[in-house]
Amino acid sequence: LVSASLPIGRQAMDKQKESCRPCSHAGSWYSADENDLRSQLEDWLSAVKTNHGPAKAIISPHAGYCYCGASAAYAYKQIDPNIVDRIFILGPSHHVCLSGCAVSKFNSYGTPFYNLTVDQQVNSELIETGLFEKMELITDTAEHSIEMQLPYIAHVMQSRKGTFTIVPILVGSLTPSRQSAYGRILSRYLADDRSLFIISTDFCHWGHRFHFTKYDKTGGEIHSSIERLDREGMKIIESLDSAAFNDYLKRTGNTICGRHPISVLLQATEHLHEINNHRGDFQFLHYSQSNHCRSMHDSSVSYAAGSLTIKPTCIFKIVITMYGQLCFI
């Protein structure tokens with residue numbers, strides 16, 4: 001009887017484990033106290049204007065909030081919760097090697113505010129393409145790139161609590177052809193008026209501890225060189241040119257950890273344009289660095305926040321009426 005009950009017990013434990021992903025970085029990377037966290041997010045958001053929205057996609061950093069929380073507010077301020085039913089969160093993998101993309105086994109993700117429901121229907125659709133796998137629970141729990149977006153999501157979407165879903169996607173090291181394949185798959189969801197995409201990424205990781213110390217001395221101090229490097233990449237992202245972005249990364253070696261999630265978004269935008277001729281407009285709204293490097297012994301991480309809006313292309317037809325008048329429709 002004892003041995004017969006063990007598998008059932010294990011299944012029950014697995015079921016419990018998969019029910020909700022814990023907010024494993026709360027209390028260290030951001031406040032675990034609901035009231036303190038809410039006050040902090042409100043302060044950051046209240047200092048920012050909505051000047052490039054409503055966002056169809058945003059780029060937001062994923063470091064500790066003491067470093068990048070204020071920067072992330074510039075992106076999250078562009079979201080209109082009233083027109084969002086589903087949120088895709090694309091984050092890079094920091095702990096495991098992936099050649100593709102993976103979705104979550106958890107049914108929900110925890111935050112200090114409330115739990116966010118994972119869209120199991122979309123997960124199943126993505127798995128059926130044959131290009132998505134499922135994350136191991138330990139990998140999912142350890143990864144911070146997706147989690148660091150969750151408190152902001154929960155806060156901004158507070159008025160829609162319980163009426164929207166999330167689709168966390170861990171993005172591995174993708175070849176250009178795979179970036180295109182994932183972009184094509186996700187473009188159908190980008191085309192959905194009620195879907196929002198969040199691309200989780202930091203920009204240049206500079207210093208010996210990151211094995212990247214590129215420095216153009218002709219332009220002033222190290223931190224200025226880093227900013228020029230980042231802004232060159234940001235300008236290319238704003239052009240929505242995935243090939244140019246890949247060329248930039250090869251040429252400069254800039255250590256943008258979310259380069260693959262960014263590339264997937266750029267590819268999805270290009271595929272969307274092919275499908276319905278919609279025009280995308282991406283703008284970066286804020287840039288900062290964790291430290292202004294002045295010595296080769298220093299280190300820093302860069303943070304950028306931006307928003308993508310998509311508008312249908314207006315197509316006018318010229319019609320001659322029965323009275324010989326020109327009419328645009």
# chains A, B, ... in the order shown; residues from 1 in each chain; ligands from 1

$ select_by_dssp --residues "stretch 105-321 of chain A" --states "helix (DSSP H, G or I)" --output "ChimeraX atom specification"
/A:120-128,137-142,144-147,150-156,158-160,176-190,208-210,217-219,222-238,242-252,259-276

$ write_last_selection --atoms "C-alpha atoms" --output "mmCIF file, in the first residue's frame"
data_model
loop_
_atom_site.group_PDB
_atom_site.id
_atom_site.type_symbol
_atom_site.label_atom_id
_atom_site.label_comp_id
_atom_site.auth_asym_id
_atom_site.auth_seq_id
_atom_site.Cartn_x
_atom_site.Cartn_y
_atom_site.Cartn_z
ATOM 1 C CA GLN A 120 -2.106 27.602 -21.673
ATOM 2 C CA GLN A 121 -3.957 27.761 -24.989
ATOM 3 C CA VAL A 122 -1.211 29.842 -26.595
ATOM 4 C CA ASN A 123 1.440 27.627 -24.994
ATOM 5 C CA SER A 124 -0.169 24.600 -26.641
ATOM 6 C CA GLU A 125 -0.321 26.384 -29.998
ATOM 7 C CA LEU A 126 3.374 27.261 -29.779
ATOM 8 C CA ILE A 127 4.358 23.732 -28.756
ATOM 9 C CA GLU A 128 2.409 22.352 -31.728
ATOM 10 C CA LEU A 137 10.915 24.287 -13.386
ATOM 11 C CA ILE A 138 14.320 25.012 -11.851
ATOM 12 C CA THR A 139 15.386 26.970 -14.940
ATOM 13 C CA ASP A 140 12.146 28.937 -14.949
ATOM 14 C CA THR A 141 12.446 29.793 -11.263
ATOM 15 C CA ALA A 142 16.096 30.840 -11.481
ATOM 16 C CA HIS A 144 15.365 36.776 -13.756
ATOM 17 C CA SER A 145 14.869 38.260 -17.239
ATOM 18 C CA ILE A 146 11.164 37.403 -17.287
ATOM 19 C CA GLU A 147 10.476 37.842 -13.573
ATOM 20 C CA LEU A 150 6.190 40.936 -13.681
ATOM 21 C CA PRO A 151 5.760 43.527 -10.886
ATOM 22 C CA TYR A 152 5.477 46.304 -13.457
ATOM 23 C CA ILE A 153 2.985 44.240 -15.474
ATOM 24 C CA ALA A 154 0.865 43.491 -12.404
ATOM 25 C CA HIS A 155 0.876 47.146 -11.351
ATOM 26 C CA VAL A 156 0.131 48.661 -14.761
ATOM 27 C CA GLN A 158 -4.145 46.325 -11.930
ATOM 28 C CA SER A 159 -7.486 47.495 -13.355
ATOM 29 C CA ARG A 160 -7.589 44.347 -15.527
ATOM 30 C CA PRO A 176 19.270 34.363 -38.150
ATOM 31 C CA SER A 177 17.114 31.734 -39.850
ATOM 32 C CA ARG A 178 15.633 30.687 -36.509
ATOM 33 C CA GLN A 179 15.048 34.312 -35.557
ATOM 34 C CA SER A 180 13.025 34.589 -38.755
ATOM 35 C CA ALA A 181 11.115 31.376 -38.029
ATOM 36 C CA TYR A 182 10.150 32.479 -34.513
ATOM 37 C CA GLY A 183 9.325 35.962 -35.755
ATOM 38 C CA ARG A 184 6.985 34.502 -38.358
ATOM 39 C CA ILE A 185 5.218 32.347 -35.759
ATOM 40 C CA LEU A 186 4.801 35.222 -33.315
ATOM 41 C CA SER A 187 3.757 37.743 -35.979
ATOM 42 C CA ARG A 188 0.224 36.309 -35.977
ATOM 43 C CA TYR A 189 -0.041 37.238 -32.295
ATOM 44 C CA LEU A 190 1.570 40.629 -32.884
ATOM 45 C CA HIS A 208 36.581 42.845 -17.328
ATOM 46 C CA ARG A 209 33.953 40.831 -15.439
ATOM 47 C CA PHE A 210 31.869 40.832 -18.624
ATOM 48 C CA LYS A 217 39.289 56.880 -26.958
ATOM 49 C CA THR A 218 38.567 59.490 -29.623
ATOM 50 C CA GLY A 219 35.210 60.338 -28.075
ATOM 51 C CA ILE A 222 34.726 55.352 -21.303
ATOM 52 C CA HIS A 223 31.075 55.878 -20.383
ATOM 53 C CA SER A 224 30.645 58.185 -23.379
ATOM 54 C CA SER A 225 32.147 55.544 -25.658
ATOM 55 C CA ILE A 226 29.717 52.975 -24.245
ATOM 56 C CA GLU A 227 26.755 55.275 -24.804
ATOM 57 C CA ARG A 228 27.723 55.921 -28.419
ATOM 58 C CA LEU A 229 28.007 52.176 -28.973
ATOM 59 C CA ASP A 230 24.580 51.565 -27.432
ATOM 60 C CA ARG A 231 22.888 54.431 -29.239
ATOM 61 C CA GLU A 232 24.172 53.169 -32.572
ATOM 62 C CA GLY A 233 22.397 49.883 -31.889
ATOM 63 C CA MET A 234 19.301 51.663 -30.587
ATOM 64 C CA LYS A 235 19.063 53.689 -33.792
ATOM 65 C CA ILE A 236 19.184 50.483 -35.844
ATOM 66 C CA ILE A 237 16.474 48.915 -33.673
ATOM 67 C CA GLU A 238 14.335 52.006 -34.282
ATOM 68 C CA SER A 242 16.663 42.859 -38.300
ATOM 69 C CA ALA A 243 19.504 42.221 -40.771
ATOM 70 C CA ALA A 244 21.157 45.550 -39.941
ATOM 71 C CA PHE A 245 20.881 44.765 -36.228
ATOM 72 C CA ASN A 246 22.591 41.389 -36.685
ATOM 73 C CA ASP A 247 25.326 43.068 -38.748
ATOM 74 C CA TYR A 248 25.799 45.652 -35.986
ATOM 75 C CA LEU A 249 26.207 42.930 -33.365
ATOM 76 C CA LYS A 250 28.774 41.075 -35.482
ATOM 77 C CA ARG A 251 30.714 44.262 -36.178
ATOM 78 C CA THR A 252 30.753 45.714 -32.667
ATOM 79 C CA ARG A 259 19.787 40.578 -28.623
ATOM 80 C CA HIS A 260 17.881 37.443 -29.649
ATOM 81 C CA PRO A 261 14.516 38.522 -28.177
ATOM 82 C CA ILE A 262 15.037 41.903 -29.874
ATOM 83 C CA SER A 263 15.785 40.183 -33.182
ATOM 84 C CA VAL A 264 12.656 38.037 -32.896
ATOM 85 C CA LEU A 265 10.560 41.176 -32.395
ATOM 86 C CA LEU A 266 12.185 42.850 -35.400
ATOM 87 C CA GLN A 267 11.498 39.771 -37.512
ATOM 88 C CA ALA A 268 7.893 39.601 -36.300
ATOM 89 C CA THR A 269 7.432 43.256 -37.228
ATOM 90 C CA GLU A 270 8.854 42.620 -40.705
ATOM 91 C CA HIS A 271 6.584 39.608 -41.220
ATOM 92 C CA LEU A 272 3.598 41.639 -40.020
ATOM 93 C CA HIS A 273 4.387 44.289 -42.614
ATOM 94 C CA GLU A 274 4.487 41.581 -45.300
ATOM 95 C CA ILE A 275 1.107 40.242 -44.184
ATOM 96 C CA ASN A 276 -0.952 43.418 -43.934
#

$ select_by_dssp --residues "stretch 156-280 of chain A" --states "strand (DSSP E)" --output "ChimeraX atom specification"
/A:165-171,195-200,205-206,279-280

$ write_last_selection --atoms "C-alpha atoms" --output "PDB file, in the first residue's frame"
ATOM      1  CA  THR A 165      -2.992  36.324 -19.471  1.00  0.00           C
ATOM      2  CA  ILE A 166       0.765  36.170 -19.927  1.00  0.00           C
ATOM      3  CA  VAL A 167       2.938  34.085 -22.256  1.00  0.00           C
ATOM      4  CA  PRO A 168       6.486  33.892 -20.851  1.00  0.00           C
ATOM      5  CA  ILE A 169       9.004  32.788 -23.498  1.00  0.00           C
ATOM      6  CA  LEU A 170      12.645  32.030 -22.779  1.00  0.00           C
ATOM      7  CA  VAL A 171      14.707  32.821 -25.877  1.00  0.00           C
ATOM      8  CA  SER A 195      -1.786  41.389 -27.622  1.00  0.00           C
ATOM      9  CA  LEU A 196       1.248  43.174 -26.164  1.00  0.00           C
ATOM     10  CA  PHE A 197       4.900  42.132 -26.439  1.00  0.00           C
ATOM     11  CA  ILE A 198       7.516  42.872 -23.782  1.00  0.00           C
ATOM     12  CA  ILE A 199      11.158  42.412 -24.741  1.00  0.00           C
ATOM     13  CA  SER A 200      13.350  42.051 -21.673  1.00  0.00           C
ATOM     14  CA  HIS A 205      27.717  44.976 -20.224  1.00  0.00           C
ATOM     15  CA  TRP A 206      31.111  46.661 -19.972  1.00  0.00           C
ATOM     16  CA  ARG A 279       3.716  50.321 -40.328  1.00  0.00           C
ATOM     17  CA  GLY A 280       5.728  50.021 -37.136  1.00  0.00           C
TER      18      GLY A 280
END

$ closest_residue --among "A:Trp44, A:Phe106, A:Tyr74, A:Phe113" --to "A:Ala32" --atoms "only C-alpha atoms"
A:Phe113
